[in-house]
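> Structure file upload15.tsv (TSV, C-alpha atoms) is given on the next line.
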```
chain	number	residue	atom	x	y	z
U	1	MET	CA	29.27	115.83	132.25
U	2	SER	CA	32.02	114.13	130.38
U	3	LEU	CA	32.93	110.51	130.88
U	4	ALA	CA	36.26	111.41	132.50
U	5	THR	CA	34.73	113.51	135.31
U	6	LEU	CA	32.12	110.83	135.92
U	7	ARG	CA	34.89	108.27	136.22
U	8	ALA	CA	36.82	110.52	138.60
U	9	ARG	CA	33.76	110.91	140.81
U	10	ILE	CA	33.10	107.20	140.95
U	11	GLU	CA	36.77	106.64	141.77
U	12	ARG	CA	36.55	109.13	144.64
U	13	LEU	CA	33.45	107.37	145.94
U	14	GLY	CA	35.24	104.05	145.76
U	15	ALA	CA	38.29	105.43	147.55
U	16	ALA	CA	36.14	106.90	150.33
U	17	MET	CA	34.28	103.61	150.69
U	18	SER	CA	37.40	101.47	150.85
U	19	SER	CA	39.07	103.81	153.34
U	20	HIS	CA	36.01	103.51	155.60
U	21	VAL	CA	36.07	99.75	155.35
U	22	TRP	CA	39.83	99.77	155.99
U	23	ARG	CA	39.28	101.88	159.10
U	24	ILE	CA	36.62	99.49	160.45
U	25	GLY	CA	38.99	96.60	159.85
U	26	TYR	CA	41.82	98.46	161.60
U	27	ALA	CA	39.54	99.22	164.56
U	28	SER	CA	38.52	95.55	164.76
U	29	ARG	CA	42.14	94.39	164.72
U	30	PHE	CA	42.88	96.98	167.40
U	31	LEU	CA	40.02	95.60	169.54
U	32	PHE	CA	41.26	92.04	169.04
U	33	TYR	CA	44.83	93.00	169.92
U	34	MET	CA	43.59	94.81	173.02
U	35	LEU	CA	41.49	91.85	174.17
U	36	VAL	CA	44.45	89.52	173.73
U	37	HIS	CA	46.67	91.90	175.75
U	38	SER	CA	44.10	92.50	178.49
U	39	GLY	CA	46.00	90.27	180.90
U	40	THR	CA	47.75	93.17	182.62
U	41	ALA	CA	44.52	95.11	183.08
U	42	LEU	CA	42.86	92.15	184.78
U	43	LYS	CA	45.87	90.89	186.71
U	44	ARG	CA	46.86	94.30	188.07
U	45	PHE	CA	43.23	95.13	188.69
U	46	HIS	CA	43.96	98.42	190.48
U	47	LEU	CA	44.72	99.90	187.05
U	48	THR	CA	41.18	99.05	185.96
U	49	ILE	CA	39.73	100.21	189.29
U	50	ALA	CA	41.29	103.63	188.79
U	51	GLU	CA	39.62	103.81	185.38
U	52	ILE	CA	36.27	102.70	186.83
U	53	TYR	CA	36.69	105.64	189.18
U	54	PHE	CA	37.22	108.09	186.32
U	55	ALA	CA	34.60	106.65	183.96
U	56	GLY	CA	32.00	105.48	186.47
U	57	VAL	CA	32.17	107.25	189.80
U	58	LEU	CA	32.78	110.68	188.31
U	59	SER	CA	29.81	110.15	185.93
U	60	LEU	CA	27.48	109.36	188.84
U	61	ILE	CA	26.20	112.89	189.42
U	62	ILE	CA	25.19	113.55	185.81
U	63	ILE	CA	23.62	110.08	185.49
U	64	LEU	CA	21.64	110.28	188.73
U	65	VAL	CA	20.38	113.82	188.16
U	66	SER	CA	19.45	113.15	184.52
U	67	GLY	CA	17.72	109.91	185.50
U	68	LEU	CA	15.67	111.69	188.14
U	69	PHE	CA	14.58	114.43	185.74
U	70	VAL	CA	13.82	112.04	182.87
U	71	GLY	CA	11.66	109.98	185.25
U	72	MET	CA	9.89	113.09	186.51
U	73	VAL	CA	9.15	114.27	182.98
U	74	LEU	CA	7.89	110.79	182.06
U	75	GLY	CA	5.62	110.95	185.11
U	76	LEU	CA	4.14	114.30	184.10
U	77	GLN	CA	3.79	113.57	180.39
U	78	GLY	CA	2.61	110.01	180.92
U	79	TYR	CA	-0.05	111.09	183.38
U	80	GLU	CA	-1.23	113.81	181.03
U	81	THR	CA	-1.75	111.26	178.23
U	82	LEU	CA	-2.97	108.31	180.29
U	83	GLN	CA	-5.64	110.22	182.22
U	84	ARG	CA	-7.37	111.00	178.92
U	85	PHE	CA	-8.07	107.29	178.60
U	86	GLY	CA	-8.85	106.87	182.28
U	87	ALA	CA	-5.74	104.74	182.65
U	88	SER	CA	-3.70	106.94	184.99
U	89	GLU	CA	-3.13	103.92	187.27
U	90	SER	CA	-0.91	102.47	184.52
U	91	LEU	CA	1.55	105.31	184.98
U	92	GLY	CA	4.00	103.00	186.77
U	93	VAL	CA	3.98	100.59	183.82
U	94	LEU	CA	4.65	103.37	181.34
U	95	VAL	CA	7.48	104.90	183.36
U	96	ALA	CA	9.16	101.59	184.23
U	97	LEU	CA	8.90	99.99	180.79
U	98	SER	CA	10.14	103.01	178.88
U	99	LEU	CA	13.05	103.39	181.31
U	100	VAL	CA	14.30	99.82	181.62
U	101	ARG	CA	13.76	98.95	177.96
U	102	GLU	CA	14.88	102.09	176.16
U	103	LEU	CA	15.66	105.31	177.94
U	104	GLY	CA	17.86	103.87	180.66
U	105	PRO	CA	20.45	102.21	178.40
U	106	VAL	CA	20.21	104.77	175.57
U	107	VAL	CA	20.29	108.04	177.51
U	108	ALA	CA	22.83	106.70	180.00
U	109	GLY	CA	24.92	105.56	177.01
U	110	LEU	CA	24.72	108.98	175.33
U	111	LEU	CA	25.66	110.73	178.57
U	112	PHE	CA	28.46	108.22	179.14
U	113	ALA	CA	29.78	108.82	175.62
U	114	SER	CA	29.94	112.57	176.10
U	115	ARG	CA	31.11	112.52	179.72
U	116	ALA	CA	33.55	109.57	179.84
U	117	GLY	CA	34.17	108.61	176.19
U	118	SER	CA	35.40	112.05	175.19
U	119	ALA	CA	37.67	112.18	178.26
U	120	ILE	CA	39.19	108.78	177.41
U	121	THR	CA	39.88	109.87	173.81
U	122	ALA	CA	41.38	113.18	174.86
U	123	GLU	CA	43.60	111.53	177.47
U	124	ILE	CA	44.96	108.81	175.18
U	125	GLY	CA	45.27	111.23	172.27
U	126	LEU	CA	47.23	113.70	174.39
U	127	MET	CA	49.47	110.91	175.67
U	128	LYS	CA	50.17	110.07	172.05
U	129	ALA	CA	50.75	113.72	171.07
U	130	THR	CA	53.23	114.21	173.94
U	131	GLU	CA	54.95	110.94	172.97
U	132	GLN	CA	54.23	109.26	176.30
U	133	LEU	CA	53.04	106.17	174.42
U	134	SER	CA	56.28	106.03	172.42
U	135	ALA	CA	58.25	106.46	175.64
U	136	MET	CA	56.45	103.45	177.11
U	137	GLU	CA	57.31	101.41	174.05
U	138	MET	CA	60.94	102.42	174.52
U	139	MET	CA	60.77	100.99	178.04
U	140	ALA	CA	59.30	97.76	176.63
U	141	VAL	CA	55.89	98.52	178.18
U	142	ASP	CA	53.07	97.82	175.77
U	143	PRO	CA	50.91	100.99	175.81
U	144	VAL	CA	47.86	99.02	174.66
U	145	ALA	CA	48.12	96.70	177.65
U	146	ARG	CA	49.12	99.39	180.16
U	147	VAL	CA	47.03	102.40	179.04
U	148	VAL	CA	44.28	101.32	176.64
U	149	ALA	CA	43.01	98.01	178.05
U	150	PRO	CA	42.35	99.27	181.63
U	151	ARG	CA	40.35	102.19	180.20
U	152	PHE	CA	38.38	99.83	178.00
U	153	TRP	CA	37.51	97.45	180.85
U	154	GLY	CA	36.80	100.32	183.22
U	155	GLY	CA	34.25	101.69	180.77
U	156	VAL	CA	32.72	98.30	179.97
U	157	ILE	CA	32.24	97.55	183.69
U	158	SER	CA	30.90	101.02	184.54
U	159	MET	CA	28.31	101.36	181.80
U	160	PRO	CA	25.76	98.66	182.86
U	161	LEU	CA	25.90	99.89	186.45
U	162	LEU	CA	25.32	103.47	185.34
U	163	ALA	CA	22.39	102.42	183.15
U	164	ALA	CA	20.82	100.48	186.05
U	165	LEU	CA	21.26	103.50	188.33
U	166	PHE	CA	19.70	105.72	185.67
U	167	SER	CA	16.64	103.45	185.36
U	168	ALA	CA	16.22	103.07	189.11
U	169	MET	CA	16.54	106.82	189.61
U	170	GLY	CA	14.04	107.41	186.79
U	171	VAL	CA	11.48	105.07	188.34
U	172	PHE	CA	11.95	106.95	191.61
U	173	GLY	CA	11.45	110.26	189.78
U	174	GLY	CA	8.27	108.93	188.17
U	175	TYR	CA	7.08	107.82	191.61
U	176	LEU	CA	7.82	111.26	193.08
U	177	VAL	CA	5.80	113.07	190.43
U	178	GLY	CA	3.09	110.47	189.84
U	179	VAL	CA	2.33	109.41	193.40
U	180	GLN	CA	3.58	112.21	195.63
U	181	LEU	CA	2.79	115.22	193.45
U	182	ILE	CA	-0.17	114.22	191.26
U	183	GLY	CA	-1.67	111.65	193.60
U	184	VAL	CA	-1.86	108.42	191.62
U	185	ASP	CA	-2.56	105.57	194.04
U	186	ALA	CA	0.77	104.18	195.29
U	187	GLY	CA	-0.48	100.58	195.44
U	188	ALA	CA	-1.74	100.64	191.87
U	189	PHE	CA	1.43	102.37	190.69
U	190	TRP	CA	3.73	99.64	192.05
U	191	SER	CA	1.53	96.56	191.59
U	192	GLN	CA	0.66	97.30	187.97
U	193	MET	CA	4.34	97.97	187.34
U	194	GLN	CA	5.33	94.65	188.89
U	195	ALA	CA	2.66	92.80	186.96
U	196	ALA	CA	3.78	94.24	183.62
U	197	VAL	CA	7.58	94.36	183.89
U	198	ASP	CA	9.18	91.00	183.26
U	199	LEU	CA	12.60	90.20	184.67
U	200	ARG	CA	14.00	88.42	181.63
U	201	ASN	CA	12.16	90.14	178.81
U	202	ASP	CA	12.43	93.70	180.04
U	203	ILE	CA	15.06	94.17	182.74
U	204	LEU	CA	17.70	91.72	181.53
U	205	ASN	CA	17.30	92.84	177.93
U	206	GLY	CA	17.90	96.40	179.11
U	207	VAL	CA	21.04	95.23	180.90
U	208	TYR	CA	22.26	93.44	177.75
U	209	LYS	CA	21.69	96.62	175.78
U	210	SER	CA	23.73	98.65	178.24
U	211	ILE	CA	26.58	96.11	178.07
U	212	VAL	CA	26.63	96.33	174.27
U	213	PHE	CA	26.56	100.15	174.41
U	214	GLY	CA	29.36	100.13	176.97
U	215	ILE	CA	31.55	98.00	174.71
U	216	ALA	CA	30.75	100.12	171.65
U	217	VAL	CA	31.34	103.49	173.32
U	218	THR	CA	34.60	102.60	175.06
U	219	TRP	CA	35.90	100.76	171.99
U	220	ILE	CA	35.27	103.84	169.83
U	221	ALA	CA	36.75	106.11	172.51
U	222	VAL	CA	40.01	104.21	172.99
U	223	PHE	CA	40.41	103.60	169.25
U	224	GLU	CA	39.89	107.25	168.32
U	225	GLY	CA	42.34	108.29	171.03
U	226	TYR	CA	44.96	105.77	169.96
U	227	ASP	CA	44.46	106.60	166.29
U	228	ALA	CA	44.39	110.40	166.76
U	229	VAL	CA	46.67	112.60	164.71
U	230	PRO	CA	49.26	113.60	167.37
U	231	THR	CA	48.63	117.34	167.23
U	232	ALA	CA	46.37	119.65	169.24
U	233	GLU	CA	43.97	119.82	166.30
U	234	GLY	CA	44.08	116.08	165.75
U	235	VAL	CA	43.17	115.36	169.39
U	236	SER	CA	40.29	117.82	169.29
U	237	ARG	CA	38.99	116.21	166.09
U	238	ALA	CA	39.33	112.74	167.57
U	239	THR	CA	37.34	113.82	170.64
U	240	THR	CA	34.58	115.23	168.47
U	241	ARG	CA	34.53	112.07	166.35
U	242	THR	CA	34.23	109.93	169.48
U	243	VAL	CA	31.10	111.71	170.66
U	244	VAL	CA	29.49	111.79	167.21
U	245	THR	CA	30.36	108.21	166.23
U	246	SER	CA	29.46	106.66	169.55
U	247	SER	CA	26.14	108.54	169.75
U	248	LEU	CA	25.23	107.32	166.28
U	249	ALA	CA	26.44	103.81	167.13
U	250	ILE	CA	24.27	103.75	170.26
U	251	LEU	CA	21.14	104.79	168.37
U	252	ALA	CA	21.76	102.38	165.47
U	253	LEU	CA	22.64	99.47	167.77
U	254	ASP	CA	19.57	100.28	169.87
U	255	PHE	CA	17.34	99.86	166.84
U	256	VAL	CA	18.98	96.56	165.89
U	257	LEU	CA	18.86	95.21	169.45
U	258	THR	CA	15.25	96.31	169.95
U	259	ALA	CA	14.28	94.63	166.69
U	260	LEU	CA	16.00	91.43	167.83
U	261	MET	CA	14.71	91.48	171.41
U	262	PHE	CA	11.18	92.80	171.35
U	263	THR	CA	9.70	91.49	168.13
U	264	GLY	CA	9.15	87.85	167.35
U	265	THR	CA	9.65	86.74	170.94
U	266	GLU	CA	6.28	88.14	172.02
U	267	LYS	CA	4.09	85.30	170.81
J	1	MET	CA	44.15	110.96	195.35
J	2	ASN	CA	45.52	107.83	197.01
J	3	ARG	CA	44.56	104.34	196.09
J	4	SER	CA	42.42	103.45	199.09
J	5	THR	CA	40.14	106.48	198.52
J	6	ILE	CA	39.67	105.43	194.90
J	7	ASP	CA	39.01	101.86	195.99
J	8	LEU	CA	36.43	103.09	198.48
J	9	TRP	CA	34.58	105.16	195.90
J	10	VAL	CA	34.64	102.40	193.28
J	11	GLY	CA	33.31	100.01	195.92
J	12	VAL	CA	30.49	102.44	196.76
J	13	PHE	CA	29.75	102.81	193.04
J	14	VAL	CA	29.60	99.05	192.41
J	15	VAL	CA	27.38	98.50	195.47
J	16	MET	CA	25.05	101.30	194.30
J	17	GLY	CA	24.88	99.75	190.83
J	18	PHE	CA	23.96	96.34	192.19
J	19	VAL	CA	21.41	97.84	194.59
J	20	ALA	CA	19.84	99.55	191.56
J	21	LEU	CA	19.73	96.24	189.68
J	22	ILE	CA	18.17	94.47	192.66
J	23	PHE	CA	15.68	97.31	193.04
J	24	LEU	CA	14.74	96.91	189.37
J	25	ALA	CA	14.43	93.13	189.71
J	26	LEU	CA	12.44	93.05	192.95
J	27	ARG	CA	10.49	96.29	193.15
J	28	VAL	CA	9.97	97.13	189.47
J	29	GLY	CA	9.98	93.61	188.05
J	30	ASN	CA	8.15	90.54	189.22
J	31	LEU	CA	11.00	88.42	190.53
J	32	ALA	CA	9.44	88.30	194.01
J	33	SER	CA	6.26	86.74	192.66
J	34	PHE	CA	8.27	84.29	190.59
J	35	SER	CA	7.27	80.87	191.86
J	36	THR	CA	9.36	77.77	191.52
J	37	GLY	CA	6.79	75.50	193.15
J	38	GLN	CA	5.32	72.35	191.66
J	39	THR	CA	3.07	72.90	188.67
J	40	TYR	CA	0.99	70.65	186.47
J	41	LYS	CA	-0.06	71.14	182.89
J	42	ILE	CA	-3.57	71.51	181.51
J	43	GLU	CA	-4.54	71.60	177.86
J	44	ALA	CA	-7.71	73.34	176.77
J	45	LYS	CA	-9.29	73.96	173.39
J	46	PHE	CA	-10.94	77.22	172.43
J	47	GLY	CA	-12.89	78.29	169.38
J	48	ASN	CA	-11.37	81.76	169.69
J	49	ILE	CA	-8.61	82.82	172.07
J	50	GLY	CA	-9.17	86.55	171.69
J	51	GLY	CA	-5.95	88.28	172.72
J	52	LEU	CA	-4.51	85.46	174.81
J	53	LYS	CA	-0.73	85.65	175.09
J	54	VAL	CA	2.01	83.31	176.26
J	55	ARG	CA	2.90	84.04	179.94
J	56	GLY	CA	-0.55	85.52	180.45
J	57	PRO	CA	-2.15	84.83	183.86
J	58	VAL	CA	-4.67	82.01	184.36
J	59	LYS	CA	-7.24	83.09	186.92
J	60	SER	CA	-9.76	81.15	188.92
J	61	ALA	CA	-12.33	83.27	190.76
J	62	GLY	CA	-10.06	86.22	189.99
J	63	VAL	CA	-6.98	84.72	191.67
J	64	VAL	CA	-3.91	83.97	189.58
J	65	VAL	CA	-3.43	80.20	189.65
J	66	GLY	CA	-1.13	79.69	186.68
J	67	ARG	CA	0.44	80.92	183.47
J	68	VAL	CA	-0.18	80.26	179.80
J	69	VAL	CA	2.76	78.29	178.41
J	70	ASP	CA	1.90	77.77	174.78
J	71	VAL	CA	-0.80	78.70	172.28
J	72	ARG	CA	-1.04	76.78	169.03
J	73	PHE	CA	-3.49	75.88	166.31
J	74	ASP	CA	-4.96	72.42	165.87
J	75	ASN	CA	-5.06	71.58	162.16
J	76	GLU	CA	-7.68	68.87	162.51
J	77	SER	CA	-10.34	70.39	164.74
J	78	TYR	CA	-9.59	73.98	163.64
J	79	GLU	CA	-9.42	75.09	167.24
J	80	ALA	CA	-6.80	76.84	169.36
J	81	VAL	CA	-4.99	74.60	171.84
J	82	VAL	CA	-3.79	76.41	174.97
J	83	LEU	CA	-1.27	74.80	177.29
J	84	MET	CA	-1.30	76.10	180.88
J	85	ASP	CA	0.96	75.64	183.91
J	86	ILE	CA	-1.25	75.45	187.00
J	87	GLU	CA	0.26	75.81	190.45
```
Can you present the structure in this file as C-alpha cells?


Amino acid sequence: MSLATLRARIERLGAAMSSHVWRIGYASRFLFYMLVHSGTALKRFHLTIAEIYFAGVLSLIIILVSGLFVGMVLGLQGYETLQRFGASESLGVLVALSLVRELGPVVAGLLFASRAGSAITAEIGLMKATEQLSAMEMMAVDPVARVVAPRFWGGVISMPLLAALFSAMGVFGGYLVGVQLIGVDAGAFWSQMQAAVDLRNDILNGVYKSIVFGIAVTWIAVFEGYDAVPTAEGVSRATTRTVVTSSLAILALDFVLTALMFTGTEK
Amino acid sequence: MNRSTIDLWVGVFVVMGFVALIFLALRVGNLASFSTGQTYKIEAKFGNIGGLKVRGPVKSAGVVVGRVVDVRFDNESYEAVVLMDIE
C-alpha cells in the first residue's frame, strides 16, 4: 500500500469521525433549542396530551401483553433453576428484582422505541417531506415549538408510566405461573419479595432508568424525523435509524446506569 | 377522535401508571414496612462480621428489631465496628 492511499484512508476515517461528532453536536443544539421553546407545549397542554395518547395509550396493549408474557417466562425459567437449589420460595425475589431493575425499563424502552419512536419519526419526517413544516414557518408558527416539543414531552411522560406498567404486569405474570400454576407458596412468594426489594435502591432506580430511556428515545425520534431527507426514501431511512439508534442507546445507557447505580453503593 | 375522549384515555393511562408504581412500592417493595418511629443507635465490635451488609436486619429472638447502618474497621483494635439502628 502506497503512502498516498494510506493517507486517503486516514482522511476518510477522519471525515467520518468529524461528521459523527458534528451530528451529535447538531442533535444537542436541537435538543437545547427544543427545551427552550417548550413553552407552547406546556402552556397549551392539550397538544402534549394528544401526543401522550399516541405514544402512551396506544402502546398500552403491546406493553401489557409483553410484560405479562415476560413475567410468565421468568416464573417458569426461574422456578426451573431455583428448585435445583431448593430455593423455589425465592421465585418472587428473582421475578421482581429482574423486572424492576432491568427488564421493565429496558424491554419497555425497546418496545416503546419500535412502537412510538418510529411513528414519531415517520410523522415528523413526512410533515417535512410534504412541506407542512415550511408552511408553518411561513405562518410564523415555530414548527419545533408546535410539532416537535409536544411529541418530545408526550414521549418523556409516557415512558416511565409504561415501564412501571410493564414491571407490575410482569410481577403479576410471575405470580400467575409461580403460585397459581406451579404451586409455590403465595405467602413466601410475596414476603420474600417484599423483604428483598428496596424502594429506593431497586424501584426508584428502575424509574430513573425509564426516565432516561424515555428522554433518549424520544430525543432520537424527533431529531431523526426533523433531520430526515425530505423524500420517501429519506423518511424510511430515518425511521430505520431511529429504531436502530435508540435500541443501541437504550442498551448502552442501561449498562452505564447499572454500573453507576448497582455497584459501589452496595456496601 | 374528539378532545374529551383523548383526555379520558390519557387520564386512564396516567392513573394506571401511578397504580402500577404504587403496586410496585407497596406490594413488591417494602415501603409498607418502612418505619419512621424513634430509633436509638448501638455500636458493637466483632472479630469477624461474616457477610454482614448495611441495611441488613438486626434480629432478637428471630424478630426484626433494627437495621445495620454502618460497618467499618477499627484500626486500633483490628475489629469490625457495626453501627445499628434499634427501634

> Rank U:Ala168, U:Val229, U:Ile215, U:Ala196 by their smallest atom-to-atom distance to Val19 of chain J, using all atoms listed in the file, and report the top residue only.

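That would be U:Ala168, the residue with the smallest distance to Val19 of chain J.
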
> I'd like to know which of U:Leu126, U:Ile52, U:Val179, U:Ala221 is closest to chain J, using only C-alpha atoms.

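Among U:Leu126, U:Ile52, U:Val179, U:Ala221, it is U:Ile52 that comes nearest to chain J.
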
> Report as a Markdown table: every residue of chain J with an atom at most 9 Å from chain U, its closest pair of atoms, and their distance in Å to one decimal, counting all atoms listed in the file, with rows sorted by chain and ascending residue number.


```
| residue | atom | partner | partner_atom | distance |
| --- | --- | --- | --- | --- |
| J:Arg3 | CA | U:Ala50 | CA | 8.0 |
| J:Ile6 | CA | U:Tyr53 | CA | 6.5 |
| J:Asp7 | CA | U:Ile49 | CA | 6.9 |
| J:Trp9 | CA | U:Val57 | CA | 6.9 |
| J:Val10 | CA | U:Tyr53 | CA | 5.6 |
| J:Val12 | CA | U:Val57 | CA | 8.6 |
| J:Phe13 | CA | U:Val57 | CA | 6.0 |
| J:Val14 | CA | U:Leu161 | CA | 7.1 |
| J:Met16 | CA | U:Leu165 | CA | 7.4 |
| J:Gly17 | CA | U:Leu161 | CA | 4.5 |
| J:Phe18 | CA | U:Leu161 | CA | 7.0 |
| J:Val19 | CA | U:Leu165 | CA | 8.4 |
| J:Ala20 | CA | U:Leu165 | CA | 5.3 |
| J:Leu21 | CA | U:Ala164 | CA | 5.7 |
| J:Phe23 | CA | U:Ala168 | CA | 7.0 |
| J:Leu24 | CA | U:Ala168 | CA | 6.3 |
| J:Ala25 | CA | U:Leu199 | CA | 6.1 |
| J:Leu26 | CA | U:Gln194 | CA | 8.3 |
| J:Arg27 | CA | U:Gln194 | CA | 6.9 |
| J:Val28 | CA | U:Gln194 | CA | 5.3 |
| J:Gly29 | CA | U:Gln194 | CA | 4.8 |
| J:Asn30 | CA | U:Gln194 | CA | 5.0 |
| J:Leu31 | CA | U:Leu199 | CA | 6.3 |
| J:Ser33 | CA | U:Gln194 | CA | 8.8 |
| J:Lys53 | CA | U:Lys267 | CA | 6.5 |
| J:Val54 | CA | U:Lys267 | CA | 6.2 |
| J:Asp70 | CA | U:Lys267 | CA | 8.8 |
| J:Val71 | CA | U:Lys267 | CA | 8.3 |
```

> In Å to one decimal, how far is atom CA of Leu42 of chain U from atom CA of Pro150 of chain U?

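It comes out at 7.8 Å.
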
> Out of J:Val68, J:Thr5, J:Asp74, J:Gly11, which residue has the shortest atom-to-atom distance to Leu52 of chain J when counting all atoms listed in the file?

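Counting all atoms listed in the file, the residue closest to Leu52 of chain J is J:Val68.
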
> Excluding Asp85 of chain J and residues on its chain fewer than 5 positions from it, collect all residues at most 8 Å away from it, counting all atoms listed in the file, and give them as number ranges by chain.

J: 39-42, 66-69

> Calculate how many Å separate atom CA of Met139 of chain U from atom CA of Glu123 of chain U, rounding to one decimal.

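Straight-line distance from atom CA of Met139 of chain U to atom CA of Glu123 of chain U works out to 20.2 Å.
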